[in-house]
file entry26.txt (compact mmCIF, C-alpha atoms)
# COMPACT_ATOMS: atom_id res chain seq x y z
CA MET A 328 0.00 0.00 0.00
CA LYS A 329 1.23 3.46 -0.86
CA THR A 330 2.07 5.62 2.12
CA THR A 331 -0.18 8.25 0.59
CA ASP A 332 -3.17 5.99 1.29
CA ALA A 333 -5.00 4.96 4.40
CA LEU A 334 -7.83 2.56 5.21
CA TYR A 335 -11.26 3.87 6.08
CA VAL A 336 -13.19 1.28 8.09
CA TYR A 337 -17.01 1.38 7.81
CA GLY A 338 -17.75 -1.47 10.14
CA VAL A 339 -17.23 -5.13 10.90
CA VAL A 340 -18.78 -8.34 9.58
CA PRO A 341 -18.07 -12.01 10.36
CA LYS A 342 -14.92 -13.48 8.81
CA GLY A 343 -15.62 -15.21 5.50
CA THR A 344 -18.22 -12.71 4.33
CA SER A 345 -18.14 -12.47 0.54
CA PRO A 346 -16.89 -9.15 -0.84
CA ASP A 347 -19.42 -9.63 -3.66
CA ILE A 348 -22.13 -8.07 -1.52
CA PHE A 349 -20.46 -4.69 -2.09
CA ALA A 350 -20.43 -5.09 -5.88
CA ASN A 351 -23.13 -2.48 -6.42
CA VAL A 352 -22.28 0.18 -3.84
CA GLY A 353 -20.27 2.30 -6.27
CA ALA A 354 -17.09 2.27 -4.19
CA GLU A 355 -14.14 -0.09 -4.02
CA VAL A 356 -14.53 -2.05 -0.84
CA GLU A 357 -12.30 -4.74 0.60
CA LEU A 358 -12.49 -7.00 3.62
CA VAL A 359 -9.53 -7.08 6.02
CA GLU A 360 -9.79 -10.26 8.06
CA GLY A 361 -8.49 -10.75 11.57
CA GLY A 362 -9.51 -13.49 13.99
CA GLU A 363 -13.26 -14.16 13.70
CA LEU A 364 -13.87 -10.77 12.16
CA ALA A 365 -13.50 -8.85 8.91
CA ALA A 366 -13.32 -5.08 8.65
CA ILE A 367 -15.17 -3.46 5.73
CA ALA A 368 -12.67 -0.97 4.38
CA SER A 369 -11.82 1.31 1.48
CA ARG A 370 -8.45 2.76 0.46
CA VAL A 371 -8.66 6.50 0.84
CA PRO A 372 -6.03 9.13 0.05
CA LEU A 373 -4.39 10.82 3.02
CA ALA A 374 -4.80 14.00 0.99
CA GLU A 375 -8.50 13.62 1.80
CA PHE A 376 -8.53 11.75 5.11
CA GLY A 377 -5.24 12.74 6.73
CA GLU A 378 -5.58 14.62 10.00
CA GLU A 379 -5.41 18.14 8.63
CA ALA A 380 -7.26 17.36 5.41
CA LEU A 381 -10.01 15.63 7.32
CA GLU A 382 -10.43 18.50 9.71
CA ALA A 383 -10.78 20.86 6.76
CA ASN A 384 -13.14 18.55 4.84
CA LEU A 385 -15.39 18.10 7.86
CA LYS A 386 -16.25 21.76 7.53
CA ASP A 387 -17.52 21.25 4.00
CA PRO A 388 -21.16 20.18 4.25
CA ALA A 389 -21.32 18.94 0.64
CA TRP A 390 -18.28 16.71 1.20
CA LEU A 391 -19.63 15.45 4.49
CA GLU A 392 -23.07 14.72 3.07
CA GLN A 393 -21.56 12.66 0.26
CA LYS A 394 -19.23 10.72 2.56
CA VAL A 395 -21.89 10.08 5.15
CA ASN A 396 -24.28 8.75 2.49
CA GLU A 397 -21.52 6.54 1.09
CA HIS A 398 -20.71 5.23 4.57
CA ASN A 399 -24.34 4.30 5.06
CA ALA A 400 -24.76 2.78 1.58
CA ILE A 401 -21.83 0.41 2.12
CA LEU A 402 -23.12 -0.78 5.49
CA ALA A 403 -26.67 -1.02 4.14
CA ALA A 404 -25.45 -3.49 1.48
CA CYS A 405 -24.92 -5.98 4.33
CA VAL A 406 -28.45 -5.70 5.68
CA GLY A 407 -30.38 -8.91 5.17
CA VAL A 408 -27.23 -10.66 3.89
CA THR A 409 -24.97 -10.80 6.92
CA THR A 410 -24.70 -9.25 10.37
CA VAL A 411 -22.86 -5.94 10.35
CA LEU A 412 -21.53 -3.76 13.16
CA PRO A 413 -21.48 -0.13 12.02
CA PHE A 414 -18.57 2.07 13.05
CA ARG A 415 -19.05 5.77 13.55
CA PHE A 416 -17.91 8.10 10.77
CA ALA A 417 -14.20 8.43 9.96
CA ALA A 418 -12.39 5.52 11.59
CA VAL A 419 -9.18 5.72 9.53
CA TYR A 420 -6.15 3.41 9.82
CA ARG A 421 -2.67 3.66 8.34
CA ASP A 422 -2.55 0.16 6.88
CA ASP A 423 -3.93 -3.39 6.99
CA ASP A 424 -1.77 -4.30 9.99
CA GLN A 425 -3.29 -1.49 12.04
CA VAL A 426 -6.79 -2.66 11.08
CA ARG A 427 -5.95 -6.24 12.09
CA ARG A 428 -4.51 -4.96 15.37
CA MET A 429 -7.72 -3.06 16.06
CA LEU A 430 -9.75 -6.21 15.39
CA SER A 431 -7.58 -8.27 17.74
CA GLU A 432 -7.84 -5.64 20.46
CA ARG A 433 -11.65 -5.66 20.37
CA PRO A 434 -12.67 -9.28 21.10
CA GLU A 435 -16.04 -8.01 22.39
CA LEU A 436 -16.99 -7.27 18.77
CA VAL A 437 -17.39 -11.03 18.29
CA ASP A 438 -19.96 -11.12 21.09
CA THR A 439 -21.76 -8.10 19.69
CA LEU A 440 -21.96 -9.80 16.28
CA ALA A 441 -23.45 -12.88 17.90
CA ARG A 442 -25.97 -10.76 19.81
CA LEU A 443 -27.12 -8.96 16.68
CA GLU A 444 -27.15 -11.97 14.34
CA GLY A 445 -30.23 -11.97 12.13
CA ALA A 446 -31.45 -8.63 13.47
CA VAL A 447 -31.98 -5.32 11.71
CA GLU A 448 -32.88 -1.84 12.86
CA LEU A 449 -36.16 -0.21 11.87
CA GLY A 450 -36.85 3.46 12.42
CA VAL A 451 -40.29 4.81 13.29
CA LYS A 452 -41.08 8.50 13.30
CA ALA A 453 -44.46 9.67 14.51
CA LEU A 454 -45.60 13.05 13.27
CA LEU A 455 -48.46 15.10 14.63
CA ASP A 456 -50.61 17.55 12.72
CA PRO A 457 -51.55 19.77 15.69
CA GLU A 458 -54.26 21.62 13.75
CA ALA A 459 -56.07 18.40 12.89
CA LEU A 460 -55.95 17.37 16.52
CA ARG A 461 -57.16 20.79 17.75
CA ALA A 462 -60.04 20.73 15.31
CA ARG A 463 -61.06 17.30 16.53
CA LEU A 464 -60.79 18.25 20.20
CA ALA A 465 -62.83 21.42 19.63
CA HIS A 466 -65.43 19.47 17.73
CA ALA A 467 -65.59 16.87 20.50
CA ARG A 468 -66.54 19.66 22.90
CA GLY A 469 -69.34 20.67 20.59
CA LEU A 470 -67.73 24.03 20.07
CA ASP A 471 -67.76 26.06 16.92
CA PRO A 472 -64.69 28.20 16.38
CA GLU A 473 -66.70 31.28 15.45
CA VAL A 474 -65.56 34.55 16.89
CA GLY A 475 -68.64 36.69 17.48
CA SER A 476 -69.26 38.97 20.41
CA GLY A 477 -66.59 39.99 22.92
CA ARG A 478 -67.88 37.37 25.30
CA ALA A 479 -67.55 34.61 22.70
CA TYR A 480 -64.05 35.86 21.93
CA MET A 481 -63.00 35.55 25.58
CA MET A 482 -64.47 32.08 25.75
CA TRP A 483 -62.62 31.17 22.60
CA LYS A 484 -59.30 32.40 24.02
CA GLN A 485 -59.90 30.30 27.11
CA LEU A 486 -60.70 27.32 24.91
CA GLU A 487 -57.51 27.91 22.92
CA ARG A 488 -55.45 27.66 26.11
CA GLU A 489 -57.21 24.49 27.14
CA LEU A 490 -56.70 22.98 23.69
CA ASP A 491 -53.00 23.85 23.79
CA GLU A 492 -52.72 21.97 27.04
CA GLU A 493 -54.67 19.01 25.66
CA VAL A 494 -52.47 18.84 22.56
CA ARG A 495 -49.33 18.85 24.72
CA SER A 496 -50.72 16.18 26.96
CA PHE A 497 -51.84 14.08 24.00
CA ALA A 498 -48.44 14.39 22.33
CA ALA A 499 -46.69 13.07 25.42
CA SER A 500 -49.05 10.16 26.00
CA CYS A 501 -49.19 9.19 22.31
CA ALA A 502 -45.39 9.18 22.08
CA GLU A 503 -45.09 7.01 25.17
CA ALA A 504 -47.84 4.60 24.17
CA SER A 505 -46.44 4.29 20.63
CA HIS A 506 -42.92 3.57 21.82
CA GLU A 507 -44.15 1.06 24.41
CA ARG A 508 -46.24 -0.80 21.85
CA LEU A 509 -43.41 -0.93 19.29
CA ALA A 510 -40.77 -1.83 21.88
CA ALA A 511 -42.95 -4.75 23.01
CA ALA A 512 -42.79 -6.13 19.45
CA ALA A 513 -39.01 -5.61 19.17
CA VAL A 514 -35.90 -7.25 20.59
CA ASP A 515 -34.51 -3.91 21.72
CA ALA A 516 -35.57 -0.29 21.39
CA CYS A 517 -34.38 3.26 21.94
CA VAL A 518 -35.73 6.79 21.57
CA ASN A 519 -33.72 9.51 19.85
CA PRO A 520 -34.26 13.27 20.01
CA ALA A 521 -37.01 14.54 17.75
CA GLN A 522 -35.87 16.06 14.47
CA HIS A 523 -36.49 19.71 13.72
CA PRO A 524 -40.04 20.34 12.40
CA THR A 525 -38.71 21.87 9.18
CA VAL A 526 -36.80 18.74 8.23
CA ALA A 527 -39.33 16.35 9.76
CA GLY A 528 -42.25 17.95 7.91
CA GLY A 529 -44.26 18.33 11.09
CA GLU A 530 -44.13 18.09 14.83
CA MET A 531 -42.22 14.92 15.63
CA LEU A 532 -43.69 13.08 18.60
CA LEU A 533 -41.40 10.11 18.44
CA ASN A 534 -38.09 9.28 16.78
CA GLY A 535 -37.60 5.67 17.72
CA ALA A 536 -35.21 2.90 16.66
CA TYR A 537 -36.16 -0.75 17.03
CA LEU A 538 -34.12 -3.90 16.73
CA VAL A 539 -36.16 -6.66 15.09
CA ARG A 540 -35.48 -10.13 13.73
CA SER A 541 -35.10 -9.71 9.98
CA ASP A 542 -37.06 -12.91 9.33
CA GLY A 543 -39.79 -12.12 11.80
CA ASP A 544 -40.73 -8.47 11.60
CA GLY A 545 -44.42 -9.26 10.97
CA GLU A 546 -45.34 -8.66 14.60
CA PHE A 547 -43.58 -5.31 14.58
CA ARG A 548 -45.28 -4.19 11.39
CA ALA A 549 -48.63 -5.33 12.78
CA ALA A 550 -48.04 -3.25 15.90
CA LEU A 551 -47.28 -0.24 13.74
CA ARG A 552 -50.47 -0.73 11.72
CA GLN A 553 -52.45 -0.89 14.98
CA LEU A 554 -50.98 2.40 16.13
CA GLN A 555 -51.67 3.98 12.77
CA ALA A 556 -55.32 2.94 12.96
CA ARG A 557 -55.67 4.01 16.59
CA TYR A 558 -54.22 7.50 16.18
CA ALA A 559 -55.09 8.39 12.57
CA ASP A 560 -58.10 10.50 13.62
CA ASP A 561 -55.88 12.43 16.04
CA GLY A 562 -53.70 13.72 13.21
CA VAL A 563 -50.81 11.34 13.81
CA THR A 564 -48.93 9.67 10.96
CA TYR A 565 -46.16 7.10 11.28
CA GLU A 566 -43.20 6.76 8.99
CA LEU A 567 -41.24 3.54 8.85
CA THR A 568 -37.60 3.69 7.73
CA GLY A 569 -35.07 0.97 7.12
CA PRO A 570 -34.13 -1.75 7.47
CA TRP A 571 -30.92 -0.12 8.70
CA PRO A 572 -27.68 -1.60 9.94
CA PRO A 573 -28.06 -1.70 13.76
CA TYR A 574 -26.48 1.73 14.35
CA ASN A 575 -28.48 2.35 17.50
CA PHE A 576 -27.73 -1.01 19.09
CA VAL A 577 -23.97 -1.43 18.98
CA GLY A 578 -23.02 1.07 21.67
CA GLU A 579 -21.25 -0.39 24.68
CA GLU A 580 -23.10 1.95 27.03
CA GLU A 581 -26.39 1.13 25.32
CA ALA A 582 -27.90 -0.62 28.33
CA ALA A 583 -29.33 2.61 29.80
CA MET B 690 -48.22 4.59 7.12
CA ARG B 691 -45.52 6.04 4.93
CA SER B 692 -42.33 4.19 4.22
CA SER B 693 -39.24 5.97 2.98
CA ALA B 694 -36.26 4.53 1.23
CA GLY B 695 -34.33 7.44 -0.16
CA GLY B 696 -34.11 11.10 -1.06
CA GLY B 697 -35.20 14.25 0.67
CA PRO B 698 -34.05 16.13 3.73
CA ALA B 699 -35.76 13.74 6.15
CA GLN B 700 -33.77 10.83 4.74
CA LEU B 701 -30.54 12.83 5.02
CA ALA B 702 -31.34 13.69 8.63
CA ASP B 703 -31.93 9.99 9.38
CA VAL B 704 -28.58 9.04 7.84
CA LEU B 705 -26.71 11.87 9.55
CA GLU B 706 -28.01 11.09 13.00
CA ARG B 707 -26.97 7.48 12.59
CA VAL B 708 -23.59 7.78 10.89
CA LEU B 709 -22.37 10.76 12.95
CA ASP B 710 -24.05 10.11 16.30
CA LYS B 711 -24.31 6.32 16.49
CA GLY B 712 -22.21 3.31 15.62
CA ILE B 713 -19.17 1.96 17.40
CA VAL B 714 -16.66 4.61 18.37
CA ILE B 715 -13.15 3.34 17.80
CA ALA B 716 -10.12 5.58 17.74
CA GLY B 717 -8.42 5.11 14.41
CA ASP B 718 -4.88 6.15 13.52
CA ILE B 719 -6.12 9.46 12.22
CA GLN B 720 -7.42 11.35 15.21
CA VAL B 721 -10.23 13.77 14.71
CA ASN B 722 -11.52 15.68 17.66
CA LEU B 723 -14.75 14.00 18.69
CA LEU B 724 -16.04 17.29 19.99
CA ASP B 725 -15.67 18.65 16.48
CA ILE B 726 -17.81 15.81 15.22
CA GLU B 727 -20.43 16.59 17.83
CA LEU B 728 -20.42 20.20 16.82
CA LEU B 729 -20.76 19.16 13.21
CA THR B 730 -23.67 16.95 14.03
CA ILE B 731 -25.49 19.78 15.69
CA ARG B 732 -24.71 22.14 12.89
CA LEU B 733 -25.75 19.67 10.22
CA ARG B 734 -29.02 19.18 12.01
CA LEU B 735 -29.46 22.91 11.82
CA LEU B 736 -28.32 22.91 8.21
CA VAL B 737 -30.89 20.39 7.12
CA ALA B 738 -33.47 22.06 9.31
CA SER B 739 -33.10 25.67 8.35
CA ALA B 740 -30.12 27.63 7.17
CA ASP B 741 -32.11 30.84 7.56
CA LYS B 742 -32.90 30.14 11.16
CA ALA B 743 -29.24 29.42 11.86
CA ARG B 744 -28.26 32.73 10.30
CA GLU B 745 -30.80 34.49 12.50
CA MET B 746 -29.12 32.87 15.46
CA GLY B 747 -25.78 34.28 14.37
CA ILE B 748 -24.18 31.04 13.28
CA ASP B 749 -21.83 31.96 10.51
CA TRP B 750 -21.86 28.49 9.03
CA TRP B 751 -18.59 27.02 7.96
CA GLU B 752 -16.57 30.13 7.31
CA GLY B 753 -14.67 31.87 10.07
CA ASP B 754 -16.62 30.00 12.70
CA PRO B 755 -15.32 30.56 16.23
CA PHE B 756 -16.65 27.14 17.25
CA LEU B 757 -13.81 25.32 15.64
CA GLY B 758 -11.23 27.88 16.69
CA ARG B 759 -8.47 26.60 18.90
CA GLY B 760 -7.88 27.38 22.52
CA GLN B 761 -11.45 27.53 23.67
CA LYS B 762 -12.23 25.43 26.69
CA ASN B 763 -14.54 22.47 26.21
CA GLU B 764 -16.86 23.68 28.95
CA GLU B 765 -17.39 26.94 27.17
CA LEU B 766 -18.18 25.10 23.97
CA GLU B 767 -20.53 22.74 25.75
CA ASP B 768 -22.39 25.60 27.41
CA ARG B 769 -22.66 27.47 24.19
CA LEU B 770 -23.90 24.37 22.38
CA LYS B 771 -26.57 23.77 24.97
CA ARG B 772 -27.80 27.34 24.67
CA LEU B 773 -27.89 27.04 20.88
CA GLU B 774 -29.68 23.73 21.02
CA ARG B 775 -32.31 25.16 23.31
CA ALA B 776 -32.69 28.20 21.09
CA ALA B 777 -33.06 25.96 18.06
CA GLY B 778 -35.51 23.66 19.80
CA ILE B 779 -33.16 20.75 19.45
CA ASP B 780 -32.68 18.31 22.25
CA GLY B 781 -28.97 17.55 22.24
CA ASP B 782 -29.08 14.83 24.84
CA SER B 783 -28.30 12.14 22.30
CA ARG B 784 -24.71 13.06 23.00
CA SER B 785 -24.14 10.40 25.58
CA GLY B 786 -22.04 10.72 28.68
CA GLU B 787 -22.23 13.76 30.86
CA ASN B 788 -25.81 14.54 29.92
CA ASP B 789 -27.20 11.17 30.86
call {"tool": "encode", "arguments": {"input": "entry26.txt", "output": "structure tokens"}}
result
Amino acid sequence: MKTTDALYVYGVVPKGTSPDIFANVGAEVELVEGGELAAIASRVPLAEFGEEALEANLKDPAWLEQKVNEHNAILAACVGVTTVLPFRFAAVYRDDDQVRRMLSERPELVDTLARLEGAVELGVKALLDPEALRARLAHARGLDPEVGSGRAYMMWKQLERELDEEVRSFAASCAEASHERLAAAAVDACVNPAQHPTVAGGEMLLNGAYLVRSDGDGEFRAALRQLQARYADDGVTYELTGPWPPYNFVGEEEAA
Amino acid sequence: MRSSAGGGPAQLADVLERVLDKGIVIAGDIQVNLLDIELLTIRLRLLVASADKAREMGIDWWEGDPFLGRGQKNEELEDRLKRLERAAGIDGDSRSGEND
């Protein structure tokens, strides 16, 4: 290997995994084997991933977006084919020996692979249309949002405050009930911070990640359909994403 | 129920939060400051959310940004981040460790 190159490691798969699964990812990928494990890696120029270059490139959002998408695409190629442990962005090694050393120094990765065998991550985002919910709540009270006399206006303002409170309370209980229901149908589960409304396309009640058996996700999907039916009239929609590599379930401090 | 496979800002946000915030953290031979990555994550969330809003908040995006300047104490950065996250309505507690 040229000293102008380095190895970018995307993640780890079991030893013996065929490199053919990366045939269509649009990047040259190789597997560096060590012990029971194989690191998924690409040769990258130090001119791009060396310390100083990397620090500069990280400030370029277009560069970062492309590299982050590529990182995910390569790991995603493993989903449903073999178990994969995703590494966080930009784990870069000088050469194959350093990658093999890393693999030998992390025997717990073998256990994590065994734990996650046959499992994939599904994402569920629940979005609330607060106006739809407010309209329904107002209607349920038999109230007509017509602003007439001063007295009606005052009553309407009072109602607005009560509706605000009801929407907040509903959002919290819906998020909790949704996560509980989905977690019950999953092997493992975690809740991530809600995404910004502008990017989410609405008020995000829940941003959950769920570990499910890839050959038995019927129960999970059924649970999601139940939630959709139960909360549709309240202005809640659910978005399913994935299957993803188990990004949210490889952390050592995950237990909490 | 909608199901998304690719494209759009929501998809990018999903990928960013996973690739930059999650996954196994292993120190490679090339050391990048993890705090920088955390800052980037926050800023990318803002980027995909609303560049206009960020400008309103006085974040001068990638050029001449004091965030990545050297010599600032981590505590100051952390405090500043928390204030920005609150202002932006972003819960930054996914950054594990001291916030848990």
call {"tool": "interface_residues", "arguments": {"input": "entry26.txt", "of": "chain A", "to": "chain B", "cutoff": "9 Å", "atoms": "only C-alpha atoms", "output": "JSON, numbers by chain"}}
result
{"A": [335, 336, 338, 376, 377, 378, 379, 381, 382, 385, 386, 387, 388, 392, 395, 396, 398, 399, 412, 413, 414, 415, 416, 417, 418, 419, 420, 421, 425, 426, 429, 450, 519, 520, 521, 522, 523, 524, 525, 526, 527, 528, 551, 552, 555, 564, 565, 566, 567, 568, 569, 573, 574, 575, 576, 577, 578, 579, 580, 583]}
call {"tool": "write_last_selection", "arguments": {"input": "entry26.txt", "atoms": "C-alpha atoms", "output": "mmCIF file, in the frame of the given file"}}
result
data_model
loop_
_atom_site.group_PDB
_atom_site.id
_atom_site.type_symbol
_atom_site.label_atom_id
_atom_site.label_comp_id
_atom_site.auth_asym_id
_atom_site.auth_seq_id
_atom_site.Cartn_x
_atom_site.Cartn_y
_atom_site.Cartn_z
ATOM 1 C CA TYR A 335 -11.260 3.870 6.080
ATOM 2 C CA VAL A 336 -13.190 1.280 8.090
ATOM 3 C CA GLY A 338 -17.750 -1.470 10.140
ATOM 4 C CA PHE A 376 -8.530 11.750 5.110
ATOM 5 C CA GLY A 377 -5.240 12.740 6.730
ATOM 6 C CA GLU A 378 -5.580 14.620 10.000
ATOM 7 C CA GLU A 379 -5.410 18.140 8.630
ATOM 8 C CA LEU A 381 -10.010 15.630 7.320
ATOM 9 C CA GLU A 382 -10.430 18.500 9.710
ATOM 10 C CA LEU A 385 -15.390 18.100 7.860
ATOM 11 C CA LYS A 386 -16.250 21.760 7.530
ATOM 12 C CA ASP A 387 -17.520 21.250 4.000
ATOM 13 C CA PRO A 388 -21.160 20.180 4.250
ATOM 14 C CA GLU A 392 -23.070 14.720 3.070
ATOM 15 C CA VAL A 395 -21.890 10.080 5.150
ATOM 16 C CA ASN A 396 -24.280 8.750 2.490
ATOM 17 C CA HIS A 398 -20.710 5.230 4.570
ATOM 18 C CA ASN A 399 -24.340 4.300 5.060
ATOM 19 C CA LEU A 412 -21.530 -3.760 13.160
ATOM 20 C CA PRO A 413 -21.480 -0.130 12.020
ATOM 21 C CA PHE A 414 -18.570 2.070 13.050
ATOM 22 C CA ARG A 415 -19.050 5.770 13.550
ATOM 23 C CA PHE A 416 -17.910 8.100 10.770
ATOM 24 C CA ALA A 417 -14.200 8.430 9.960
ATOM 25 C CA ALA A 418 -12.390 5.520 11.590
ATOM 26 C CA VAL A 419 -9.180 5.720 9.530
ATOM 27 C CA TYR A 420 -6.150 3.410 9.820
ATOM 28 C CA ARG A 421 -2.670 3.660 8.340
ATOM 29 C CA GLN A 425 -3.290 -1.490 12.040
ATOM 30 C CA VAL A 426 -6.790 -2.660 11.080
ATOM 31 C CA MET A 429 -7.720 -3.060 16.060
ATOM 32 C CA GLY A 450 -36.850 3.460 12.420
ATOM 33 C CA ASN A 519 -33.720 9.510 19.850
ATOM 34 C CA PRO A 520 -34.260 13.270 20.010
ATOM 35 C CA ALA A 521 -37.010 14.540 17.750
ATOM 36 C CA GLN A 522 -35.870 16.060 14.470
ATOM 37 C CA HIS A 523 -36.490 19.710 13.720
ATOM 38 C CA PRO A 524 -40.040 20.340 12.400
ATOM 39 C CA THR A 525 -38.710 21.870 9.180
ATOM 40 C CA VAL A 526 -36.800 18.740 8.230
ATOM 41 C CA ALA A 527 -39.330 16.350 9.760
ATOM 42 C CA GLY A 528 -42.250 17.950 7.910
ATOM 43 C CA LEU A 551 -47.280 -0.240 13.740
ATOM 44 C CA ARG A 552 -50.470 -0.730 11.720
ATOM 45 C CA GLN A 555 -51.670 3.980 12.770
ATOM 46 C CA THR A 564 -48.930 9.670 10.960
ATOM 47 C CA TYR A 565 -46.160 7.100 11.280
ATOM 48 C CA GLU A 566 -43.200 6.760 8.990
ATOM 49 C CA LEU A 567 -41.240 3.540 8.850
ATOM 50 C CA THR A 568 -37.600 3.690 7.730
ATOM 51 C CA GLY A 569 -35.070 0.970 7.120
ATOM 52 C CA PRO A 573 -28.060 -1.700 13.760
ATOM 53 C CA TYR A 574 -26.480 1.730 14.350
ATOM 54 C CA ASN A 575 -28.480 2.350 17.500
ATOM 55 C CA PHE A 576 -27.730 -1.010 19.090
ATOM 56 C CA VAL A 577 -23.970 -1.430 18.980
ATOM 57 C CA GLY A 578 -23.020 1.070 21.670
ATOM 58 C CA GLU A 579 -21.250 -0.390 24.680
ATOM 59 C CA GLU A 580 -23.100 1.950 27.030
ATOM 60 C CA ALA A 583 -29.330 2.610 29.800
#
call {"tool": "residues_around", "arguments": {"input": "entry26.txt", "residues": "Gly407 (chain A)", "least_positions_apart": "6", "cutoff": "12 Å", "atoms": "all atoms listed in the file", "output": "list in words"}}
result
Ile348, Leu443, Glu444, Gly445, Ala446, Val447, Glu448, Val539, Arg540, Ser541, Asp542, Gly543, Gly569, Pro570, Trp571, Pro572 and Pro573 of chain A
call {"tool": "residues_around", "arguments": {"input": "entry26.txt", "residues": "Ala441 (chain A)", "least_positions_apart": "3", "cutoff": "12 Å", "atoms": "only C-alpha atoms", "output": "compact mmCIF listing (two decimals) with C-alpha atoms, keeping the file's coordinate frame"}}
result
# COMPACT_ATOMS: atom_id res chain seq x y z
CA VAL A 340 -18.78 -8.34 9.58
CA PRO A 341 -18.07 -12.01 10.36
CA GLU A 363 -13.26 -14.16 13.70
CA LEU A 364 -13.87 -10.77 12.16
CA THR A 409 -24.97 -10.80 6.92
CA THR A 410 -24.70 -9.25 10.37
CA VAL A 411 -22.86 -5.94 10.35
CA LEU A 412 -21.53 -3.76 13.16
CA PRO A 434 -12.67 -9.28 21.10
CA GLU A 435 -16.04 -8.01 22.39
CA LEU A 436 -16.99 -7.27 18.77
CA VAL A 437 -17.39 -11.03 18.29
CA ASP A 438 -19.96 -11.12 21.09
CA GLU A 444 -27.15 -11.97 14.34
CA GLY A 445 -30.23 -11.97 12.13
CA ALA A 446 -31.45 -8.63 13.47
CA VAL A 577 -23.97 -1.43 18.98
call {"tool": "atom_distance", "arguments": {"input": "entry26.txt", "atom1": "CA of Met531 (chain A)", "atom2": "CA of Leu454 (chain A)"}}
result
4.5 Å
call {"tool": "atom_distance", "arguments": {"input": "entry26.txt", "atom1": "CA of Leu533 (chain A)", "atom2": "CA of Ala498 (chain A)"}}
result
9.1 Å
call {"tool": "residues_around", "arguments": {"input": "entry26.txt", "residues": "Thr330 (chain A)", "least_positions_apart": "6", "cutoff": "10 Å", "atoms": "all atoms listed in the file", "output": "ChimeraX atom specification"}}
result
/A:372-373,421-422
call {"tool": "residues_around", "arguments": {"input": "entry26.txt", "residues": "Val518 (chain A)", "least_positions_apart": "3", "cutoff": "9 Å", "atoms": "only C-alpha atoms", "output": "VMD selection string"}}
result
chain A and resid 506 521 533 to 537
call {"tool": "residues_around", "arguments": {"input": "entry26.txt", "residues": "Leu464 (chain A)", "least_positions_apart": "2", "cutoff": "12 Å", "atoms": "all atoms listed in the file", "output": "PDB file with C-alpha atoms, in the coordinates of the input"}}
result
ATOM      1  CA  PRO A 457     -51.550  19.770  15.690  1.00  0.00           C
ATOM      2  CA  GLU A 458     -54.260  21.620  13.750  1.00  0.00           C
ATOM      3  CA  ALA A 459     -56.070  18.400  12.890  1.00  0.00           C
ATOM      4  CA  LEU A 460     -55.950  17.370  16.520  1.00  0.00           C
ATOM      5  CA  ARG A 461     -57.160  20.790  17.750  1.00  0.00           C
ATOM      6  CA  ALA A 462     -60.040  20.730  15.310  1.00  0.00           C
ATOM      7  CA  HIS A 466     -65.430  19.470  17.730  1.00  0.00           C
ATOM      8  CA  ALA A 467     -65.590  16.870  20.500  1.00  0.00           C
ATOM      9  CA  ARG A 468     -66.540  19.660  22.900  1.00  0.00           C
ATOM     10  CA  GLY A 469     -69.340  20.670  20.590  1.00  0.00           C
ATOM     11  CA  LEU A 470     -67.730  24.030  20.070  1.00  0.00           C
ATOM     12  CA  ASP A 471     -67.760  26.060  16.920  1.00  0.00           C
ATOM     13  CA  PRO A 472     -64.690  28.200  16.380  1.00  0.00           C
ATOM     14  CA  LEU A 486     -60.700  27.320  24.910  1.00  0.00           C
ATOM     15  CA  GLU A 487     -57.510  27.910  22.920  1.00  0.00           C
ATOM     16  CA  GLU A 489     -57.210  24.490  27.140  1.00  0.00           C
ATOM     17  CA  LEU A 490     -56.700  22.980  23.690  1.00  0.00           C
ATOM     18  CA  ASP A 491     -53.000  23.850  23.790  1.00  0.00           C
ATOM     19  CA  GLU A 492     -52.720  21.970  27.040  1.00  0.00           C
ATOM     20  CA  GLU A 493     -54.670  19.010  25.660  1.00  0.00           C
ATOM     21  CA  VAL A 494     -52.470  18.840  22.560  1.00  0.00           C
ATOM     22  CA  PHE A 497     -51.840  14.080  24.000  1.00  0.00           C
ATOM     23  CA  ASP A 560     -58.100  10.500  13.620  1.00  0.00           C
ATOM     24  CA  ASP A 561     -55.880  12.430  16.040  1.00  0.00           C
ATOM     25  CA  GLY A 562     -53.700  13.720  13.210  1.00  0.00           C
TER      26      GLY A 562
END
